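**Student:** My structure is stored as entry23.cif, with mmCIF, C-alpha atoms.
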data_start
loop_
_atom_site.label_atom_id
_atom_site.label_comp_id
_atom_site.auth_asym_id
_atom_site.auth_seq_id
_atom_site.Cartn_x
_atom_site.Cartn_y
_atom_site.Cartn_z
CA MET C 17 -3.29 -46.68 -16.49
CA LYS C 18 -3.70 -47.67 -12.82
CA LYS C 19 0.06 -47.65 -12.46
CA SER C 20 0.22 -44.08 -13.82
CA ILE C 21 -2.50 -42.91 -11.43
CA THR C 22 -0.75 -44.56 -8.50
CA LEU C 23 2.52 -42.90 -9.46
CA LEU C 24 0.81 -39.49 -9.77
CA LEU C 25 -0.82 -39.86 -6.37
CA GLY C 26 2.52 -40.85 -4.92
CA LEU C 27 3.97 -37.59 -6.17
CA LEU C 28 1.05 -35.44 -5.03
CA LEU C 29 0.41 -36.86 -1.57
CA PRO C 30 3.63 -35.51 -0.03
CA LEU C 31 2.74 -32.04 -1.31
CA ILE C 32 -0.79 -32.29 0.08
CA GLY C 33 0.57 -33.53 3.39
CA ASN C 34 3.09 -30.72 3.59
CA ALA C 35 0.37 -28.13 2.97
CA ALA C 36 -1.86 -29.71 5.63
CA ASP C 37 0.93 -29.79 8.21
CA TYR C 38 2.19 -26.29 7.42
CA PRO C 39 4.13 -24.72 9.02
CA GLU C 40 6.74 -27.19 10.25
CA ARG C 41 9.75 -24.89 10.48
CA ASP C 42 10.75 -21.23 10.77
CA ILE C 43 9.30 -18.72 8.30
CA THR C 44 11.30 -15.85 6.80
CA TYR C 45 9.46 -12.52 6.91
CA GLN C 46 11.20 -10.13 4.52
CA ILE C 47 11.09 -6.37 4.97
CA THR C 48 11.82 -4.45 1.77
CA PHE C 49 12.83 -1.23 3.54
CA SER C 50 15.53 -0.33 6.05
CA PRO C 51 15.47 -1.43 9.71
CA GLY C 52 13.66 0.99 12.02
CA GLY C 53 11.14 2.21 9.42
CA GLY C 54 7.39 1.75 9.41
CA SER C 55 7.53 -1.63 7.66
CA ASP C 56 9.99 -2.93 10.22
CA ILE C 57 7.99 -1.61 13.17
CA ARG C 58 4.81 -3.29 11.85
CA ALA C 59 6.55 -6.63 11.33
CA ARG C 60 8.17 -6.55 14.77
CA ALA C 61 4.78 -5.86 16.36
CA GLN C 62 3.25 -8.80 14.48
CA GLN C 63 6.17 -11.17 15.13
CA PRO C 64 5.26 -12.45 18.62
CA MET C 65 1.59 -12.86 17.70
CA LEU C 66 2.45 -14.75 14.51
CA GLU C 67 4.84 -17.02 16.39
CA GLU C 68 2.23 -17.78 19.04
CA LYS C 69 -0.50 -18.61 16.52
CA LEU C 70 1.63 -20.49 13.96
CA GLY C 71 3.87 -22.24 16.47
CA VAL C 72 7.14 -21.47 14.64
CA LYS C 73 9.70 -18.67 14.69
CA MET C 74 9.43 -15.69 12.33
CA GLN C 75 12.86 -14.72 11.05
CA ILE C 76 12.89 -11.03 10.07
CA GLN C 77 15.11 -10.37 7.04
CA TYR C 78 15.87 -7.02 5.40
CA LYS C 79 16.29 -6.36 1.67
CA PRO C 80 16.02 -2.59 1.18
CA GLY C 81 16.61 -0.65 -2.02
CA GLY C 82 14.84 0.64 -5.10
CA GLY C 83 11.75 1.73 -3.19
CA GLY C 84 11.15 -1.89 -2.22
CA SER C 85 11.79 -3.35 -5.69
CA LEU C 86 14.99 -5.17 -4.69
CA GLY C 87 13.15 -7.07 -2.00
CA TRP C 88 10.16 -7.94 -4.17
CA ALA C 89 12.47 -9.08 -6.98
CA ASN C 90 14.16 -11.30 -4.40
CA MET C 91 10.87 -12.64 -3.07
CA VAL C 92 9.49 -13.82 -6.43
CA LYS C 93 12.62 -15.96 -6.90
CA GLN C 94 12.05 -17.88 -3.65
CA LYS C 95 10.54 -21.35 -3.44
CA PRO C 96 6.73 -21.02 -3.28
CA ASP C 97 6.22 -23.18 -0.22
CA GLY C 98 5.05 -20.64 2.37
CA TYR C 99 8.37 -20.41 4.20
CA PHE C 100 9.28 -17.07 2.63
CA MET C 101 6.90 -14.13 2.74
CA SER C 102 7.40 -10.42 2.31
CA GLY C 103 5.79 -7.19 3.30
CA ILE C 104 4.07 -5.61 0.28
CA ASN C 105 2.93 -2.08 -0.42
CA ILE C 106 0.24 -0.97 -2.85
CA PRO C 107 0.65 0.97 -5.12
CA HIS C 108 4.40 0.24 -5.18
CA ILE C 109 4.08 -3.36 -6.41
CA ILE C 110 1.79 -2.14 -9.21
CA LEU C 111 3.40 1.12 -10.31
CA GLN C 112 7.01 -0.05 -10.32
CA PRO C 113 6.53 -2.71 -13.02
CA LEU C 114 4.25 -0.37 -14.99
CA ALA C 115 6.61 2.62 -14.92
CA ARG C 116 9.99 0.88 -15.18
CA ASP C 117 11.38 -1.15 -18.05
CA ASN C 118 12.89 -3.62 -15.57
CA ALA C 119 11.62 -3.53 -12.01
CA GLY C 120 12.96 -7.02 -11.43
CA TYR C 121 9.52 -8.53 -10.96
CA GLU C 122 5.97 -8.40 -12.33
CA THR C 123 2.92 -7.65 -10.22
CA GLU C 124 1.31 -11.00 -11.01
CA GLN C 125 4.35 -12.82 -9.60
CA ILE C 126 3.30 -11.68 -6.12
CA GLU C 127 0.40 -13.51 -4.47
CA PRO C 128 -1.21 -11.28 -1.83
CA VAL C 129 -1.94 -13.00 1.47
CA VAL C 130 -3.58 -10.13 3.32
CA LEU C 131 -3.80 -6.34 3.46
CA PHE C 132 -3.89 -5.23 7.09
CA GLN C 133 -3.90 -1.43 7.00
CA GLN C 134 -4.79 1.49 4.77
CA ILE C 135 -3.52 5.07 4.70
CA PRO C 136 -5.77 7.20 2.48
CA PHE C 137 -4.44 10.37 0.87
CA GLY C 138 -5.99 13.78 0.50
CA LEU C 139 -5.10 17.33 -0.43
CA THR C 140 -3.74 19.32 2.50
CA VAL C 141 -2.97 23.04 2.76
CA LEU C 142 -1.73 25.32 5.53
CA ALA C 143 -4.36 26.61 7.92
CA ASP C 144 -3.92 30.17 6.61
CA SER C 145 -4.11 29.14 2.94
CA PRO C 146 -6.50 31.12 0.75
CA PHE C 147 -7.89 27.76 -0.40
CA GLN C 148 -10.63 27.22 2.14
CA THR C 149 -12.25 24.42 0.15
CA LEU C 150 -11.41 22.04 -2.69
CA GLU C 151 -13.59 24.20 -4.93
CA ASP C 152 -11.36 27.21 -4.19
CA LEU C 153 -8.24 25.32 -5.24
CA VAL C 154 -9.82 23.97 -8.44
CA ALA C 155 -11.15 27.40 -9.45
CA TYR C 156 -7.72 29.01 -8.94
CA ALA C 157 -5.96 26.21 -10.83
CA LYS C 158 -8.30 26.62 -13.79
CA GLU C 159 -7.62 30.34 -13.97
CA ASN C 160 -3.86 29.91 -13.38
CA PRO C 161 -2.62 26.73 -15.11
CA GLY C 162 0.53 25.36 -13.49
CA ALA C 163 0.59 27.99 -10.73
CA VAL C 164 -0.50 25.69 -7.90
CA THR C 165 2.49 23.74 -6.58
CA VAL C 166 1.57 20.43 -4.97
CA GLY C 167 4.01 18.27 -3.04
CA GLY C 168 4.20 14.49 -3.09
CA SER C 169 6.36 11.74 -1.61
CA GLY C 170 8.13 10.84 -4.85
CA SER C 171 7.78 9.86 -8.48
CA TRP C 172 5.34 7.10 -9.42
CA ASP C 173 4.07 6.49 -5.94
CA ALA C 174 0.55 6.87 -4.49
CA THR C 175 0.77 10.67 -4.31
CA HIS C 176 2.06 11.07 -7.87
CA ILE C 177 -0.64 8.89 -9.44
CA ALA C 178 -3.34 10.62 -7.35
CA HIS C 179 -2.09 13.99 -8.58
CA LEU C 180 -2.25 12.95 -12.24
CA GLN C 181 -5.68 11.40 -11.81
CA PHE C 182 -7.06 14.49 -10.08
CA GLU C 183 -5.72 16.80 -12.80
CA LYS C 184 -7.54 14.75 -15.44
CA LEU C 185 -10.77 14.48 -13.44
CA ALA C 186 -10.89 18.20 -12.62
CA GLY C 187 -9.60 19.40 -16.00
CA ILE C 188 -6.79 21.40 -14.41
CA LYS C 189 -3.02 21.66 -14.60
CA MET C 190 -0.92 22.02 -11.45
CA THR C 191 2.80 21.56 -10.79
CA TYR C 192 3.73 18.37 -8.98
CA ILE C 193 6.83 18.56 -6.76
CA PRO C 194 8.23 15.10 -5.92
CA HIS C 195 10.15 14.76 -2.65
CA LYS C 196 12.28 11.96 -1.28
CA GLY C 197 9.71 10.63 1.14
CA GLY C 198 6.96 11.83 3.43
CA LYS C 199 9.04 13.93 5.84
CA PRO C 200 10.55 16.28 3.20
CA LYS C 201 7.09 16.62 1.66
CA GLN C 202 5.64 17.74 5.01
CA THR C 203 8.54 20.11 5.68
CA ALA C 204 8.04 21.76 2.30
CA LEU C 205 4.37 22.47 2.96
CA LEU C 206 4.92 23.71 6.51
CA GLY C 207 7.69 26.00 5.26
CA GLY C 208 5.48 27.47 2.56
CA HIS C 209 7.54 26.02 -0.30
CA THR C 210 4.48 24.28 -1.77
CA MET C 211 0.91 25.56 -1.84
CA ALA C 212 -0.67 22.17 -1.18
CA SER C 213 0.45 18.61 -0.60
CA TRP C 214 -0.81 15.05 -0.79
CA PHE C 215 -0.86 13.96 2.85
CA GLY C 216 -1.88 10.59 4.23
CA THR C 217 -4.26 10.43 7.18
CA SER C 218 -1.37 9.50 9.47
CA GLU C 219 0.55 12.59 8.27
CA TRP C 220 -2.20 15.08 9.11
CA LEU C 221 -2.37 14.12 12.76
CA PRO C 222 0.96 15.46 14.11
CA HIS C 223 0.43 18.93 12.64
CA GLY C 224 -2.91 19.65 14.29
CA ASP C 225 -4.26 23.13 13.60
CA LYS C 226 -1.30 24.08 11.39
CA VAL C 227 -2.90 22.39 8.38
CA ARG C 228 -6.33 22.07 6.80
CA ASN C 229 -7.48 19.08 4.76
CA LEU C 230 -9.62 19.82 1.73
CA ALA C 231 -10.75 16.30 0.78
CA VAL C 232 -9.82 12.65 1.18
CA ALA C 233 -9.63 10.11 -1.65
CA THR C 234 -11.84 7.33 -0.26
CA GLN C 235 -15.27 5.90 -1.11
CA GLU C 236 -16.67 6.81 2.30
CA PRO C 237 -15.57 9.27 5.03
CA VAL C 238 -12.61 7.95 7.00
CA GLU C 239 -12.85 6.84 10.64
CA THR C 240 -10.01 9.14 11.67
CA ASN C 241 -11.66 12.27 10.15
CA PRO C 242 -15.39 11.51 9.72
CA ASP C 243 -16.33 15.15 8.91
CA LEU C 244 -13.80 15.49 6.08
CA PRO C 245 -15.44 15.48 2.62
CA THR C 246 -14.38 12.88 0.08
CA PHE C 247 -13.36 13.74 -3.46
CA LYS C 248 -16.31 11.58 -4.52
CA SER C 249 -18.71 13.85 -2.62
CA LYS C 250 -17.27 16.77 -4.61
CA GLY C 251 -17.87 15.04 -7.92
CA TYR C 252 -14.46 13.43 -8.50
CA GLU C 253 -14.12 9.63 -8.57
CA LEU C 254 -10.65 9.71 -7.02
CA TYR C 255 -9.50 6.94 -4.69
CA SER C 256 -5.94 6.92 -3.40
CA SER C 257 -4.43 4.99 -0.52
CA VAL C 258 -1.32 3.14 0.46
CA TYR C 259 -2.12 -0.39 1.55
CA HIS C 260 0.30 -2.49 3.59
CA GLY C 261 0.17 -6.25 3.71
CA VAL C 262 2.03 -9.48 3.08
CA GLY C 263 2.63 -11.49 -0.08
CA VAL C 264 4.22 -14.77 -1.13
CA PRO C 265 5.71 -16.01 -4.42
CA GLN C 266 3.36 -17.02 -7.21
CA GLY C 267 2.61 -20.74 -7.06
CA THR C 268 2.37 -20.99 -3.28
CA PRO C 269 -0.29 -23.65 -2.43
CA PRO C 270 -3.76 -22.18 -1.71
CA GLU C 271 -3.91 -24.10 1.59
CA VAL C 272 -0.71 -22.41 2.75
CA ILE C 273 -1.92 -18.97 1.69
CA GLY C 274 -5.18 -19.66 3.52
CA LYS C 275 -3.37 -20.56 6.74
CA LEU C 276 -1.27 -17.39 6.65
CA GLN C 277 -4.27 -15.29 5.62
CA ASP C 278 -6.43 -16.50 8.50
CA THR C 279 -3.63 -15.84 10.99
CA PHE C 280 -2.99 -12.28 9.78
CA VAL C 281 -6.72 -11.51 9.58
CA GLU C 282 -7.19 -12.67 13.17
CA ILE C 283 -4.36 -10.41 14.35
CA ALA C 284 -5.52 -7.41 12.29
CA SER C 285 -9.09 -7.79 13.56
CA SER C 286 -8.21 -7.66 17.26
CA ALA C 287 -9.60 -4.69 19.16
CA ASP C 288 -6.21 -3.66 20.55
CA VAL C 289 -4.53 -3.64 17.12
CA ARG C 290 -7.40 -1.66 15.57
CA ALA C 291 -7.39 0.92 18.38
CA GLN C 292 -3.64 1.42 18.13
CA LYS C 293 -3.80 2.01 14.37
CA LEU C 294 -6.69 4.47 14.59
CA LYS C 295 -4.83 6.42 17.24
CA SER C 296 -1.99 6.86 14.73
CA GLY C 297 -4.29 7.99 11.93
CA ILE C 298 -4.13 4.63 10.15
CA ILE C 299 -7.25 2.83 8.92
CA PRO C 300 -7.24 -0.76 10.23
CA ILE C 301 -8.41 -3.35 7.71
CA ALA C 302 -8.28 -7.15 7.45
CA MET C 303 -8.59 -7.80 3.72
CA PRO C 304 -8.20 -11.49 2.76
CA ALA C 305 -6.25 -12.77 -0.24
CA ALA C 306 -9.07 -12.89 -2.81
CA GLU C 307 -10.22 -9.34 -2.06
CA ALA C 308 -6.64 -8.07 -2.08
CA LYS C 309 -6.04 -9.66 -5.47
CA ALA C 310 -9.23 -8.09 -6.85
CA LEU C 311 -8.13 -4.69 -5.55
CA ILE C 312 -4.72 -5.07 -7.21
CA ASN C 313 -6.30 -6.06 -10.54
CA ASP C 314 -8.67 -3.08 -10.33
CA ARG C 315 -5.79 -0.67 -9.69
CA VAL C 316 -3.73 -2.11 -12.55
CA GLY C 317 -6.62 -1.40 -14.90
CA ALA C 318 -7.07 2.14 -13.59
CA TRP C 319 -3.41 3.12 -13.53
CA ALA C 320 -1.91 1.44 -16.59
CA PRO C 321 -3.31 4.02 -19.08
CA ILE C 322 -2.07 6.94 -16.97
CA VAL C 323 1.41 5.49 -16.56
CA LYS C 324 1.57 4.73 -20.29
CA GLU C 325 0.63 8.34 -21.07
CA PHE C 326 3.03 10.07 -18.69
CA ALA C 327 5.87 7.72 -17.76
CA LYS C 328 7.35 6.62 -21.08
#
Take the structure in this file and express it as structure tokens.
**Tutor:**
Amino acid sequence: MKKSITLLLGLLLPLIGNAADYPERDITYQITFSPGGGSDIRARAQQPMLEEKLGVKMQIQYKPGGGGSLGWANMVKQKPDGYFMSGINIPHIILQPLARDNAGYETEQIEPVVLFQQIPFGLTVLADSPFQTLEDLVAYAKENPGAVTVGGSGSWDATHIAHLQFEKLAGIKMTYIPHKGGKPKQTALLGGHTMASWFGTSEWLPHGDKVRNLAVATQEPVETNPDLPTFKSKGYELYSSVYHGVGVPQGTPPEVIGKLQDTFVEIASSADVRAQKLKSGIIPIAMPAAEAKALINDRVGAWAPIVKEFAK
């Protein structure tokens, strides 16, 4: 018996030591979208701060395709030792496995390390729209089922799921128009091709007085637009945001996740980083691993029935 325990300890001690000494070599930071995009810009801004605090080099690697799914499928196959991490986006890592027969990965195969920013969504119209309030839009939609055209960034993304949820909550039917990303969605609204659109807080900012926001899908008013009503304040329990963060493969030691988490939280909590994000219409957060995992589990429970009803 003693011999078995000694053998087991001999196998475990190197693993414990490795976790305690982590990191000892360069870390790969995977970006699941193309170079030059928002994910890349965020990682490049974090890179020097991560290197300074962790004492190793961060090797940026790109794996674009499939709305991020190719990269996340690649990430879950990597050794869970903390030397390979990837940018993650919510709701992408939830909706893709729910809506597709084979996304290449399952949500639970990704261990969140941190969520460091939030971009809430709301309904936006042109400044000269007849819909002065959310109540105006709902009343018109009830009287004219399907007549209100609402733009979104794509199929089975944050804007699409928010649209379906809002229709059910308000008891209305509108026409969702998916676009290939945020820019085409904005162009369509500004050109009058859609009557409303699901805009993120960072998308409202550049258009100034050309657009009017009817409501935002957060629990509390957002820092970037404190006077904007929430859907909750109008009687609709609708919460929709894109969250950006970092994840590692399932099975990564808790001590390693904790070291990465604490480093990212420290960076995300700095006054300079927070001020820069707010200036861009982005809500700065510093959500640790346990809270991020709870958020993901909550969203899976909320979205799975809707995806099952509409996607397949």
**Student:** Looking at C:Gln181, C:Thr210, C:Gln62, C:Thr44, which one is nearest to Ser286 of chain C, with distances taken over only C-alpha atoms?
**Tutor:** C:Gln62
**Student:** Using all atoms listed in the file, pick whichever of C:Met101, C:Leu111, C:Val227, C:Leu185 has the shortest atom-to-atom distance to Glu253 of chain C.
**Tutor:**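 Under the stated criterion, the closest residue is C:Leu185.
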**Student:** I'd like to know which of C:Ile135, C:Leu276, C:Met65, C:Leu206 is closest to Tyr259 of chain C, using all atoms listed in the file.
**Tutor:**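 Nearest candidate to Tyr259 of chain C out of C:Ile135, C:Leu276, C:Met65, C:Leu206: C:Ile135.
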**Student:** Take atom CA of Asn160 of chain C and atom CA of Ile188 of chain C and report the distance between them in Å, one decimal.
**Tutor:**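 Computed distance, atom CA of Asn160 of chain C to atom CA of Ile188 of chain C, equals 9.1 Å.
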**Student:** Between C:Leu66, C:Thr175, C:Pro242, C:Tyr156, which residue has the minimum interatomic distance to Phe215 of chain C, considering all atoms listed in the file?
**Tutor:**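 Looking at the shortest contact to Phe215 of chain C, the residue is C:Thr175.
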**Student:** With the file shown as input, list the residues that the PyMOL selection byres ((chain C and resi 172) around 12) selects, as a PyMOL selection string.
**Tutor:** chain C and resi 83+106-116+168-171+173-180+192-197+319-320+322-324+326-328
**Student:** Between C:Tyr78, C:Val129, C:Glu219, C:Lys250, single out the one closest to Gly52 of chain C, counting all atoms listed in the file.
**Tutor:** C:Tyr78
**Student:** Counting only C-alpha atoms, which of C:Arg41, C:Lys248, C:Arg60, C:Lys69 gets nearest to Phe280 of chain C?
**Tutor:**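 Distance minimum relative to Phe280 of chain C lands on C:Lys69.
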**Student:** What gap, in Å, lies between atom CA of Gly263 of chain C and atom CA of Phe132 of chain C?
**Tutor:**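 That distance, rounded to one decimal, is 11.5 Å.
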**Student:** Find the axis-aligned box for segment 67-86 of chain C, covering all its listed atoms and adding 3 Å on each side, and write its centre and edge lengths in Å to one decimal as AutoDock Vina command-line options.
**Tutor:**
--center_x 8.1 --center_y -10.3 --center_z 6.7 --size_x 23.1 --size_y 30.0 --size_z 30.7
**Student:** So how far away is atom CA of Met211 of chain C from atom CA of Ala157 of chain C, in Å?
**Tutor:** 11.3 Å
**Student:** Around (13.9, -17.7, 5.3) in the file's frame, which residues reach within 8 Å when counting only C-alpha atoms? Return as number ranges by chain?
**Tutor:** C: 42-45, 75, 77, 99-100
**Student:** Could the residues in this selection be written to a file with C-alpha atoms, as a compact mmCIF listing (two decimals), keeping the file's coordinate frame?
**Tutor:**
# COMPACT_ATOMS: atom_id res chain seq x y z
CA ASP C 42 10.75 -21.23 10.77
CA ILE C 43 9.30 -18.72 8.30
CA THR C 44 11.30 -15.85 6.80
CA TYR C 45 9.46 -12.52 6.91
CA GLN C 75 12.86 -14.72 11.05
CA GLN C 77 15.11 -10.37 7.04
CA TYR C 99 8.37 -20.41 4.20
CA PHE C 100 9.28 -17.07 2.63
**Student:** Contacts of segment 141-149 of chain C at 6 Å or less, counting only C-alpha atoms, minus same-chain residues fewer than 2 places along, as a PyMOL selection string?
**Tutor:** chain C and resi 151-153+212+226-228+230
